[in-house]
Structure formats: C-alpha cells, structure tokens
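Peer 1: mmCIF, N, CA and C atoms, file run-v8.cif:
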data_target
#
loop_
_atom_site.label_atom_id
_atom_site.label_comp_id
_atom_site.auth_asym_id
_atom_site.auth_seq_id
_atom_site.Cartn_x
_atom_site.Cartn_y
_atom_site.Cartn_z
N MET G 1 40.15 15.86 -71.29
CA MET G 1 40.94 15.09 -70.36
C MET G 1 40.00 14.21 -69.54
N LYS G 2 40.31 12.92 -69.49
CA LYS G 2 39.50 11.96 -68.76
C LYS G 2 40.09 11.76 -67.37
N VAL G 3 39.23 11.84 -66.36
CA VAL G 3 39.65 11.70 -64.98
C VAL G 3 39.23 10.33 -64.46
N ASN G 4 40.15 9.65 -63.82
CA ASN G 4 39.83 8.35 -63.23
C ASN G 4 39.09 8.61 -61.92
N THR G 5 37.83 8.22 -61.85
CA THR G 5 37.00 8.51 -60.67
C THR G 5 37.10 7.46 -59.59
N ILE G 6 37.72 6.32 -59.86
CA ILE G 6 37.79 5.25 -58.87
C ILE G 6 38.50 5.70 -57.59
N PRO G 7 39.67 6.36 -57.67
CA PRO G 7 40.30 6.81 -56.42
C PRO G 7 39.42 7.80 -55.65
N CYS G 8 38.71 8.67 -56.37
CA CYS G 8 37.84 9.64 -55.70
C CYS G 8 36.69 8.93 -54.99
N ILE G 9 36.11 7.94 -55.64
CA ILE G 9 35.01 7.19 -55.05
C ILE G 9 35.51 6.43 -53.83
N LEU G 10 36.66 5.77 -53.95
CA LEU G 10 37.22 5.02 -52.84
C LEU G 10 37.50 5.93 -51.65
N PHE G 11 38.09 7.09 -51.90
CA PHE G 11 38.36 8.04 -50.83
C PHE G 11 37.06 8.48 -50.17
N SER G 12 36.03 8.74 -50.96
CA SER G 12 34.73 9.15 -50.44
C SER G 12 34.14 8.08 -49.53
N VAL G 13 34.24 6.81 -49.94
CA VAL G 13 33.72 5.71 -49.14
C VAL G 13 34.49 5.62 -47.82
N ILE G 14 35.81 5.76 -47.86
CA ILE G 14 36.62 5.70 -46.65
C ILE G 14 36.21 6.79 -45.67
N ILE G 15 36.03 8.00 -46.16
CA ILE G 15 35.63 9.11 -45.30
C ILE G 15 34.26 8.85 -44.69
N LYS G 16 33.31 8.39 -45.52
CA LYS G 16 31.96 8.13 -45.01
C LYS G 16 31.97 7.03 -43.95
N LEU G 17 32.72 5.96 -44.19
CA LEU G 17 32.80 4.89 -43.19
C LEU G 17 33.44 5.40 -41.91
N SER G 18 34.44 6.25 -42.06
CA SER G 18 35.11 6.79 -40.89
C SER G 18 34.15 7.63 -40.05
N ILE G 19 33.34 8.41 -40.72
CA ILE G 19 32.38 9.25 -40.01
C ILE G 19 31.34 8.39 -39.31
N VAL G 20 30.81 7.40 -40.02
CA VAL G 20 29.81 6.51 -39.43
C VAL G 20 30.39 5.80 -38.22
N PHE G 21 31.57 5.23 -38.35
CA PHE G 21 32.15 4.51 -37.23
C PHE G 21 32.64 5.46 -36.15
N GLY G 22 32.94 6.68 -36.51
CA GLY G 22 33.30 7.67 -35.52
C GLY G 22 32.14 7.99 -34.60
N ILE G 23 30.93 8.02 -35.15
CA ILE G 23 29.74 8.28 -34.36
C ILE G 23 29.54 7.19 -33.32
N PHE G 24 29.83 5.94 -33.71
CA PHE G 24 29.61 4.82 -32.82
C PHE G 24 30.84 4.46 -31.99
N ALA G 25 31.98 5.07 -32.27
CA ALA G 25 33.21 4.68 -31.57
C ALA G 25 33.12 4.89 -30.07
N GLU G 26 32.42 5.94 -29.64
CA GLU G 26 32.31 6.19 -28.21
C GLU G 26 31.46 5.12 -27.53
N LYS G 27 30.60 4.46 -28.27
CA LYS G 27 29.73 3.45 -27.70
C LYS G 27 30.39 2.06 -27.69
N ILE G 28 31.49 1.91 -28.42
CA ILE G 28 32.21 0.64 -28.45
C ILE G 28 33.13 0.61 -27.24
N PRO G 29 33.08 -0.44 -26.43
CA PRO G 29 33.93 -0.48 -25.24
C PRO G 29 35.40 -0.37 -25.62
N LEU G 30 36.15 0.32 -24.80
CA LEU G 30 37.58 0.44 -25.05
C LEU G 30 38.22 -0.94 -24.94
N PRO G 31 39.10 -1.24 -25.85
CA PRO G 31 39.74 -2.56 -25.79
C PRO G 31 40.71 -2.64 -24.62
N ALA G 32 40.82 -3.82 -24.06
CA ALA G 32 41.86 -4.04 -23.05
C ALA G 32 43.20 -3.91 -23.76
N SER G 33 44.24 -3.65 -22.98
CA SER G 33 45.54 -3.44 -23.60
C SER G 33 45.97 -4.63 -24.46
N ARG G 34 45.50 -5.82 -24.13
CA ARG G 34 45.89 -6.98 -24.95
C ARG G 34 45.25 -6.96 -26.33
N HIS G 35 44.25 -6.10 -26.53
CA HIS G 35 43.62 -5.98 -27.84
C HIS G 35 44.04 -4.71 -28.57
N ALA G 36 44.81 -3.86 -27.91
CA ALA G 36 45.23 -2.60 -28.50
C ALA G 36 46.46 -2.80 -29.40
N ASN G 37 46.67 -1.86 -30.27
CA ASN G 37 47.81 -1.88 -31.18
C ASN G 37 49.03 -1.35 -30.43
N LEU G 38 49.80 -2.25 -29.85
CA LEU G 38 50.96 -1.89 -29.05
C LEU G 38 52.20 -2.59 -29.57
N ASP G 39 53.37 -1.99 -29.29
CA ASP G 39 54.61 -2.70 -29.61
C ASP G 39 54.92 -3.68 -28.48
N LYS G 40 56.06 -4.34 -28.54
CA LYS G 40 56.40 -5.37 -27.55
C LYS G 40 56.60 -4.81 -26.14
N GLN G 41 56.88 -3.52 -26.04
CA GLN G 41 57.05 -2.89 -24.73
C GLN G 41 55.75 -2.25 -24.23
N GLY G 42 54.65 -2.41 -24.97
CA GLY G 42 53.36 -1.86 -24.56
C GLY G 42 53.14 -0.42 -24.99
N LEU G 43 53.97 0.07 -25.91
CA LEU G 43 53.87 1.45 -26.39
C LEU G 43 52.77 1.57 -27.45
N ALA G 44 51.88 2.53 -27.25
CA ALA G 44 50.79 2.79 -28.18
C ALA G 44 51.18 3.86 -29.21
N LEU G 45 50.49 3.88 -30.31
CA LEU G 45 50.61 4.91 -31.36
C LEU G 45 52.02 5.02 -31.93
N ASN G 46 52.76 3.93 -31.90
CA ASN G 46 54.14 3.92 -32.42
C ASN G 46 54.98 5.05 -31.82
N GLY G 47 54.65 5.43 -30.58
CA GLY G 47 55.41 6.47 -29.91
C GLY G 47 54.96 7.89 -30.22
N PHE G 48 53.88 8.04 -30.99
CA PHE G 48 53.38 9.38 -31.29
C PHE G 48 52.55 9.89 -30.12
N ASP G 49 52.54 11.20 -29.96
CA ASP G 49 51.84 11.89 -28.88
C ASP G 49 50.34 11.95 -29.20
N PRO G 50 49.47 11.30 -28.38
CA PRO G 50 48.04 11.30 -28.69
C PRO G 50 47.40 12.69 -28.63
N VAL G 51 47.90 13.57 -27.80
CA VAL G 51 47.34 14.91 -27.69
C VAL G 51 47.66 15.72 -28.96
N SER G 52 48.83 15.49 -29.53
CA SER G 52 49.24 16.27 -30.71
C SER G 52 48.31 16.06 -31.90
N TYR G 53 47.69 14.89 -32.02
CA TYR G 53 46.74 14.65 -33.10
C TYR G 53 45.58 15.64 -33.01
N HIS G 54 45.13 15.91 -31.81
CA HIS G 54 43.99 16.80 -31.62
C HIS G 54 44.37 18.27 -31.83
N LYS G 55 45.66 18.52 -31.93
CA LYS G 55 46.14 19.87 -32.23
C LYS G 55 46.45 20.02 -33.71
N GLY G 56 46.19 18.95 -34.50
CA GLY G 56 46.30 19.05 -35.95
C GLY G 56 47.54 18.45 -36.58
N GLU G 57 48.56 18.16 -35.80
CA GLU G 57 49.80 17.64 -36.38
C GLU G 57 50.40 16.59 -35.45
N PRO G 58 50.37 15.31 -35.86
CA PRO G 58 50.96 14.29 -35.00
C PRO G 58 52.46 14.51 -34.82
N GLN G 59 52.89 14.40 -33.57
CA GLN G 59 54.30 14.59 -33.25
C GLN G 59 54.83 13.35 -32.54
N THR G 60 56.08 13.03 -32.79
CA THR G 60 56.70 11.93 -32.09
C THR G 60 56.85 12.29 -30.62
N GLY G 61 56.50 11.35 -29.76
CA GLY G 61 56.62 11.58 -28.33
C GLY G 61 58.04 11.40 -27.84
N ASP G 62 58.26 11.84 -26.64
CA ASP G 62 59.57 11.76 -25.99
C ASP G 62 59.42 10.78 -24.82
N PRO G 63 60.27 9.76 -24.72
CA PRO G 63 60.14 8.79 -23.63
C PRO G 63 60.28 9.40 -22.23
N ARG G 64 60.77 10.64 -22.13
CA ARG G 64 60.84 11.30 -20.81
C ARG G 64 59.45 11.65 -20.30
N PHE G 65 58.48 11.83 -21.24
CA PHE G 65 57.12 12.18 -20.88
C PHE G 65 56.22 11.00 -21.20
N VAL G 66 56.12 10.08 -20.26
CA VAL G 66 55.38 8.84 -20.49
C VAL G 66 54.26 8.69 -19.46
N VAL G 67 53.15 8.13 -19.92
CA VAL G 67 52.03 7.80 -19.04
C VAL G 67 51.61 6.38 -19.38
N GLU G 68 51.41 5.58 -18.34
CA GLU G 68 50.84 4.25 -18.55
C GLU G 68 49.38 4.33 -18.14
N TYR G 69 48.51 3.98 -19.07
CA TYR G 69 47.07 4.06 -18.84
C TYR G 69 46.41 2.80 -19.39
N GLN G 70 45.67 2.11 -18.56
CA GLN G 70 44.98 0.86 -18.93
C GLN G 70 45.93 -0.14 -19.59
N GLY G 71 47.16 -0.20 -19.08
CA GLY G 71 48.14 -1.15 -19.61
C GLY G 71 48.82 -0.72 -20.89
N MET G 72 48.55 0.50 -21.33
CA MET G 72 49.16 1.03 -22.55
C MET G 72 50.08 2.20 -22.18
N LYS G 73 51.23 2.27 -22.82
CA LYS G 73 52.16 3.37 -22.58
C LYS G 73 52.01 4.39 -23.70
N PHE G 74 51.94 5.65 -23.30
CA PHE G 74 51.85 6.76 -24.26
C PHE G 74 53.01 7.71 -24.01
N TRP G 75 53.65 8.12 -25.09
CA TRP G 75 54.70 9.13 -25.02
C TRP G 75 54.11 10.46 -25.46
N PHE G 76 54.66 11.54 -24.90
CA PHE G 76 54.18 12.88 -25.22
C PHE G 76 55.35 13.76 -25.65
N SER G 77 55.05 14.70 -26.51
CA SER G 77 56.10 15.57 -27.04
C SER G 77 56.48 16.66 -26.05
N SER G 78 55.63 16.88 -25.03
CA SER G 78 55.93 17.90 -24.02
C SER G 78 55.24 17.55 -22.71
N GLU G 79 55.71 18.17 -21.66
CA GLU G 79 55.09 17.98 -20.35
C GLU G 79 53.66 18.54 -20.36
N GLN G 80 53.44 19.61 -21.11
CA GLN G 80 52.11 20.21 -21.21
C GLN G 80 51.11 19.21 -21.82
N ASN G 81 51.51 18.52 -22.89
CA ASN G 81 50.62 17.53 -23.50
C ASN G 81 50.39 16.35 -22.56
N GLN G 82 51.41 15.96 -21.81
CA GLN G 82 51.27 14.88 -20.84
C GLN G 82 50.23 15.26 -19.79
N LYS G 83 50.31 16.47 -19.28
CA LYS G 83 49.36 16.94 -18.27
C LYS G 83 47.94 17.02 -18.84
N GLU G 84 47.84 17.47 -20.08
CA GLU G 84 46.53 17.55 -20.73
C GLU G 84 45.90 16.16 -20.86
N PHE G 85 46.70 15.18 -21.23
CA PHE G 85 46.21 13.80 -21.33
C PHE G 85 45.71 13.31 -19.97
N LEU G 86 46.46 13.57 -18.92
CA LEU G 86 46.10 13.09 -17.59
C LEU G 86 44.78 13.69 -17.08
N LYS G 87 44.41 14.87 -17.57
CA LYS G 87 43.14 15.48 -17.17
C LYS G 87 41.94 14.70 -17.72
N ARG G 88 42.05 14.24 -18.97
CA ARG G 88 40.94 13.54 -19.63
C ARG G 88 41.49 12.47 -20.59
N PRO G 89 42.07 11.40 -20.07
CA PRO G 89 42.70 10.41 -20.95
C PRO G 89 41.74 9.77 -21.95
N GLU G 90 40.48 9.55 -21.58
CA GLU G 90 39.53 8.91 -22.48
C GLU G 90 39.37 9.70 -23.77
N ARG G 91 39.51 11.01 -23.69
CA ARG G 91 39.36 11.86 -24.88
C ARG G 91 40.43 11.58 -25.92
N TYR G 92 41.61 11.19 -25.47
CA TYR G 92 42.75 11.06 -26.37
C TYR G 92 43.05 9.64 -26.81
N LEU G 93 42.35 8.66 -26.28
CA LEU G 93 42.60 7.28 -26.70
C LEU G 93 42.13 7.07 -28.13
N PRO G 94 42.91 6.37 -28.93
CA PRO G 94 42.50 6.14 -30.32
C PRO G 94 41.32 5.18 -30.41
N ALA G 95 40.45 5.42 -31.38
CA ALA G 95 39.32 4.52 -31.64
C ALA G 95 39.86 3.17 -32.09
N PHE G 96 39.11 2.13 -31.83
CA PHE G 96 39.42 0.77 -32.28
C PHE G 96 40.78 0.29 -31.77
N GLY G 97 41.18 0.78 -30.61
CA GLY G 97 42.43 0.33 -29.99
C GLY G 97 43.67 0.75 -30.76
N GLY G 98 43.53 1.71 -31.67
CA GLY G 98 44.67 2.17 -32.46
C GLY G 98 44.89 1.37 -33.73
N TRP G 99 43.99 0.42 -34.02
CA TRP G 99 44.07 -0.33 -35.28
C TRP G 99 43.36 0.47 -36.37
N CYS G 100 43.51 0.08 -37.61
CA CYS G 100 42.96 0.82 -38.75
C CYS G 100 41.43 0.90 -38.69
N ALA G 101 40.91 2.12 -38.65
CA ALA G 101 39.47 2.34 -38.58
C ALA G 101 38.77 1.85 -39.84
N TYR G 102 39.38 2.06 -40.99
CA TYR G 102 38.77 1.60 -42.25
C TYR G 102 38.65 0.08 -42.25
N ALA G 103 39.68 -0.60 -41.82
CA ALA G 103 39.66 -2.07 -41.81
C ALA G 103 38.54 -2.58 -40.91
N PHE G 104 38.36 -1.95 -39.76
CA PHE G 104 37.25 -2.35 -38.89
C PHE G 104 35.92 -2.07 -39.57
N GLY G 105 35.85 -0.98 -40.32
CA GLY G 105 34.61 -0.61 -41.00
C GLY G 105 34.18 -1.60 -42.06
N VAL G 106 35.14 -2.25 -42.68
CA VAL G 106 34.80 -3.23 -43.73
C VAL G 106 34.87 -4.66 -43.21
N GLY G 107 35.02 -4.81 -41.90
CA GLY G 107 34.96 -6.13 -41.30
C GLY G 107 36.29 -6.86 -41.17
N THR G 108 37.38 -6.19 -41.48
CA THR G 108 38.70 -6.79 -41.30
C THR G 108 39.15 -6.48 -39.88
N ASP G 109 39.95 -7.32 -39.31
CA ASP G 109 40.36 -7.14 -37.92
C ASP G 109 41.84 -6.80 -37.82
N LYS G 110 42.17 -5.83 -37.02
CA LYS G 110 43.53 -5.51 -36.61
C LYS G 110 44.54 -5.36 -37.75
N VAL G 111 44.39 -4.28 -38.49
CA VAL G 111 45.33 -3.94 -39.55
C VAL G 111 46.24 -2.82 -39.02
N GLU G 112 47.54 -2.97 -39.20
CA GLU G 112 48.51 -1.96 -38.77
C GLU G 112 48.20 -0.61 -39.42
N VAL G 113 48.70 0.45 -38.81
CA VAL G 113 48.40 1.80 -39.29
C VAL G 113 49.67 2.58 -39.61
N ASP G 114 49.49 3.63 -40.37
CA ASP G 114 50.51 4.65 -40.56
C ASP G 114 50.16 5.74 -39.55
N PRO G 115 50.99 6.00 -38.55
CA PRO G 115 50.60 6.96 -37.51
C PRO G 115 50.36 8.38 -38.01
N LYS G 116 50.73 8.66 -39.26
CA LYS G 116 50.47 9.99 -39.80
C LYS G 116 49.20 10.03 -40.66
N ALA G 117 48.55 8.88 -40.82
CA ALA G 117 47.29 8.81 -41.58
C ALA G 117 46.16 8.76 -40.55
N PHE G 118 45.50 9.89 -40.35
CA PHE G 118 44.52 9.97 -39.28
C PHE G 118 43.41 10.96 -39.62
N LEU G 119 42.32 10.82 -38.91
CA LEU G 119 41.23 11.79 -38.90
C LEU G 119 40.73 11.90 -37.47
N ILE G 120 40.31 13.09 -37.10
CA ILE G 120 39.60 13.28 -35.84
C ILE G 120 38.14 13.39 -36.23
N VAL G 121 37.32 12.43 -35.78
CA VAL G 121 35.90 12.40 -36.11
C VAL G 121 35.12 12.44 -34.81
N ASN G 122 34.29 13.48 -34.69
CA ASN G 122 33.51 13.67 -33.46
C ASN G 122 34.41 13.61 -32.22
N GLY G 123 35.59 14.23 -32.34
CA GLY G 123 36.50 14.30 -31.20
C GLY G 123 37.31 13.05 -30.93
N LYS G 124 37.19 12.02 -31.77
CA LYS G 124 37.88 10.74 -31.57
C LYS G 124 38.95 10.55 -32.64
N LEU G 125 40.12 10.08 -32.23
CA LEU G 125 41.23 9.82 -33.14
C LEU G 125 41.00 8.50 -33.88
N HIS G 126 40.99 8.57 -35.21
CA HIS G 126 40.89 7.39 -36.06
C HIS G 126 42.17 7.29 -36.89
N LEU G 127 42.80 6.14 -36.86
CA LEU G 127 44.04 5.90 -37.60
C LEU G 127 43.76 5.00 -38.79
N PHE G 128 44.61 5.10 -39.82
CA PHE G 128 44.43 4.33 -41.05
C PHE G 128 45.76 3.75 -41.51
N TYR G 129 45.67 2.77 -42.41
CA TYR G 129 46.89 2.16 -42.94
C TYR G 129 47.43 2.94 -44.09
#
Using structure tokens, write down the structure from this file.

Peer 2:
Amino acid sequence: MKVNTIPCILFSVIIKLSIVFGIFAEKIPLPASRHANLDKQGLALNGFDPVSYHKGEPQTGDPRFVVEYQGMKFWFSSEQNQKEFLKRPERYLPAFGGWCAYAFGVGTDKVEVDPKAFLIVNGKLHLFY
C-alpha cells in the first residue's frame, strides 16, 4: 500500500512554523483593535471563549459574560472564565491578533480562521484557517 506523504509533510511544516512563531509571538507587539480579527461589533474569536481554549476545548461564549479589552470584545462561556480572563488578560489574547498563524508564518497577511482550528504553543493561542 502506497501512502501519500504530501499531507504529512505539509502538516509537519505547519506545526513547525507554529512552534517557531509561537516562541516569538510574545515578543511581537499586540495589535491594536483595528488590526485584530474582529466582527463589525468588535467581537473577537467569533464569539468563542478565549479561556476555554486553554482548557482544551473551545466553547462558544455567552453575550451575558462580556469583557471589552483594548477595544476588543470577548465573550465567555461562564462567569468563572470571565473572572479568570480579567486576572491575566494578556495570557488569553490570541497570537497575531486572532488571524491565521500559518498565514503569518508564510508571509500572508490577515487570513480568516476556523475558531475550532487551534494550537496552544508556549501558552499562546494560535488560530488557523
């Protein structure tokens, strides 16, 4: 049986780029809200709870639990996650303003993401298309 190695190689490259850019993501200045991936109302992460990513499973946020931070609105799935975010918001902000980490890695700018396609690299949330 012959295995097509191209998808495996591509996946390997994506992971390696994500790790490399994850190392440097903390050194890249946070984008102003005008450069972040937001909807027309200023909502980040397509309404997903940023804390939930760090718990292993992205969850849709609830508009009752909202925080506006640096001009970006974040929804949370619970009051507990909202409070956790408020303690250390910088920890939960997505790398590259919430745009696709792979696209930034290959020199493309601002590619939309699938909010369920993510990696946590060195404690930083990286989203992908």

Peer 1: Please expand the PyMOL selection byres ((chain G and resi 66-79) around 7) into the concrete residues it hits in this file, giving the result as JSON, numbers by chain.

Peer 2: {"G": [32, 33, 34, 41, 42, 43, 44, 45, 47, 48, 49, 50, 51, 52, 59, 60, 61, 62, 63, 64, 65, 80, 81, 82, 83, 84]}

Peer 1: Counting only C-alpha atoms, figure out which residue out of G:His35, G:Gly105, G:Glu57, G:Tyr92 gets nearest to Ala117 of chain G.

Peer 2: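 With only C-alpha atoms as the atom set, the closest residue is G:Glu57.
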
Peer 1: Could you tell me how far atom N of Phe128 of chain G lies from atom CA of Val113 of chain G, in Å and to one decimal?

Peer 2: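 One can read the atom N of Phe128 of chain G to atom CA of Val113 of chain G distance as 5.1 Å.
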
Peer 1: Step by step: start from the point (38.2, 18.6, -31.2) in the file's coordinates, keep every protein, DNA or RNA residue that has an atom no farther than 6.5 Å from it, count only N, CA and C atoms, and write the set as a VMD selection string.

Peer 2: chain G and resid 54 122 to 123

Peer 1: Translate the PyMOL selection byres (((chain G and resi 100 and name CA) around 9) and name CA) into a concrete residue list for this structure, as a short mmCIF file (atom, residue, chain, number, x, y, z; two decimals) with N, CA and C atoms, in the frame of the given file.

Peer 2:
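out10.cif, freshly written:
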data_model
loop_
_atom_site.label_atom_id
_atom_site.label_comp_id
_atom_site.auth_asym_id
_atom_site.auth_seq_id
_atom_site.Cartn_x
_atom_site.Cartn_y
_atom_site.Cartn_z
N ALA G 95 40.45 5.42 -31.38
CA ALA G 95 39.32 4.52 -31.64
C ALA G 95 39.86 3.17 -32.09
N PHE G 96 39.11 2.13 -31.83
CA PHE G 96 39.42 0.77 -32.28
C PHE G 96 40.78 0.29 -31.77
N GLY G 97 41.18 0.78 -30.61
CA GLY G 97 42.43 0.33 -29.99
C GLY G 97 43.67 0.75 -30.76
N GLY G 98 43.53 1.71 -31.67
CA GLY G 98 44.67 2.17 -32.46
C GLY G 98 44.89 1.37 -33.73
N TRP G 99 43.99 0.42 -34.02
CA TRP G 99 44.07 -0.33 -35.28
C TRP G 99 43.36 0.47 -36.37
N ALA G 101 40.91 2.12 -38.65
CA ALA G 101 39.47 2.34 -38.58
C ALA G 101 38.77 1.85 -39.84
N TYR G 102 39.38 2.06 -40.99
CA TYR G 102 38.77 1.60 -42.25
C TYR G 102 38.65 0.08 -42.25
N ALA G 103 39.68 -0.60 -41.82
CA ALA G 103 39.66 -2.07 -41.81
C ALA G 103 38.54 -2.58 -40.91
N PHE G 104 38.36 -1.95 -39.76
CA PHE G 104 37.25 -2.35 -38.89
C PHE G 104 35.92 -2.07 -39.57
N GLY G 105 35.85 -0.98 -40.32
CA GLY G 105 34.61 -0.61 -41.00
C GLY G 105 34.18 -1.60 -42.06
N ASP G 109 39.95 -7.32 -39.31
CA ASP G 109 40.36 -7.14 -37.92
C ASP G 109 41.84 -6.80 -37.82
N LYS G 110 42.17 -5.83 -37.02
CA LYS G 110 43.53 -5.51 -36.61
C LYS G 110 44.54 -5.36 -37.75
N VAL G 111 44.39 -4.28 -38.49
CA VAL G 111 45.33 -3.94 -39.55
C VAL G 111 46.24 -2.82 -39.02
N GLU G 112 47.54 -2.97 -39.20
CA GLU G 112 48.51 -1.96 -38.77
C GLU G 112 48.20 -0.61 -39.42
N VAL G 113 48.70 0.45 -38.81
CA VAL G 113 48.40 1.80 -39.29
C VAL G 113 49.67 2.58 -39.61
N ASP G 114 49.49 3.63 -40.37
CA ASP G 114 50.51 4.65 -40.56
C ASP G 114 50.16 5.74 -39.55
N HIS G 126 40.99 8.57 -35.21
CA HIS G 126 40.89 7.39 -36.06
C HIS G 126 42.17 7.29 -36.89
N LEU G 127 42.80 6.14 -36.86
CA LEU G 127 44.04 5.90 -37.60
C LEU G 127 43.76 5.00 -38.79
N PHE G 128 44.61 5.10 -39.82
CA PHE G 128 44.43 4.33 -41.05
C PHE G 128 45.76 3.75 -41.51
N TYR G 129 45.67 2.77 -42.41
CA TYR G 129 46.89 2.16 -42.94
C TYR G 129 47.43 2.94 -44.09
#

Peer 1: Go ahead and compute the interatomic distance for atom CA of Glu90 of chain G and atom CA of Val106 of chain G, in Å to one decimal.

Peer 2: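 So the two atoms, atom CA of Glu90 of chain G and atom CA of Val106 of chain G, lie 24.9 Å apart.
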
Peer 1: So what do you get for atom N of Pro94 of chain G versus atom N of Leu125 of chain G, distance-wise?

Peer 2: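 Pair atom N of Pro94 of chain G / atom N of Leu125 of chain G returns 5.7 Å.
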
Peer 1: Enclose all atoms of segment 68-85 of chain G listed in the file in an axis-aligned box, grow every side by 3 Å, and hand back centre and edge lengths in Å to one decimal, as lines of an AutoDock Vina configuration file.

Peer 2:
center_x = 50.7
center_y = 9.5
center_z = -22.6
size_x = 17.5
size_y = 27.4
size_z = 14.9

Peer 1: From the options G:Leu93, G:Tyr53, G:Phe85, G:Pro58, which residue's atoms come nearest to Ile120 of chain G, counting all atoms listed in the file?

Peer 2: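 Checking each of G:Leu93, G:Tyr53, G:Phe85, G:Pro58 against Ile120 of chain G, counting all atoms listed in the file, the winner is G:Tyr53.
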
Peer 1: Please give the complete set of residues from segment 60-93 of chain G that DSSP, run on the backbone, assigns to strand (DSSP E), formatted as a count of residues only.

Peer 2: 13
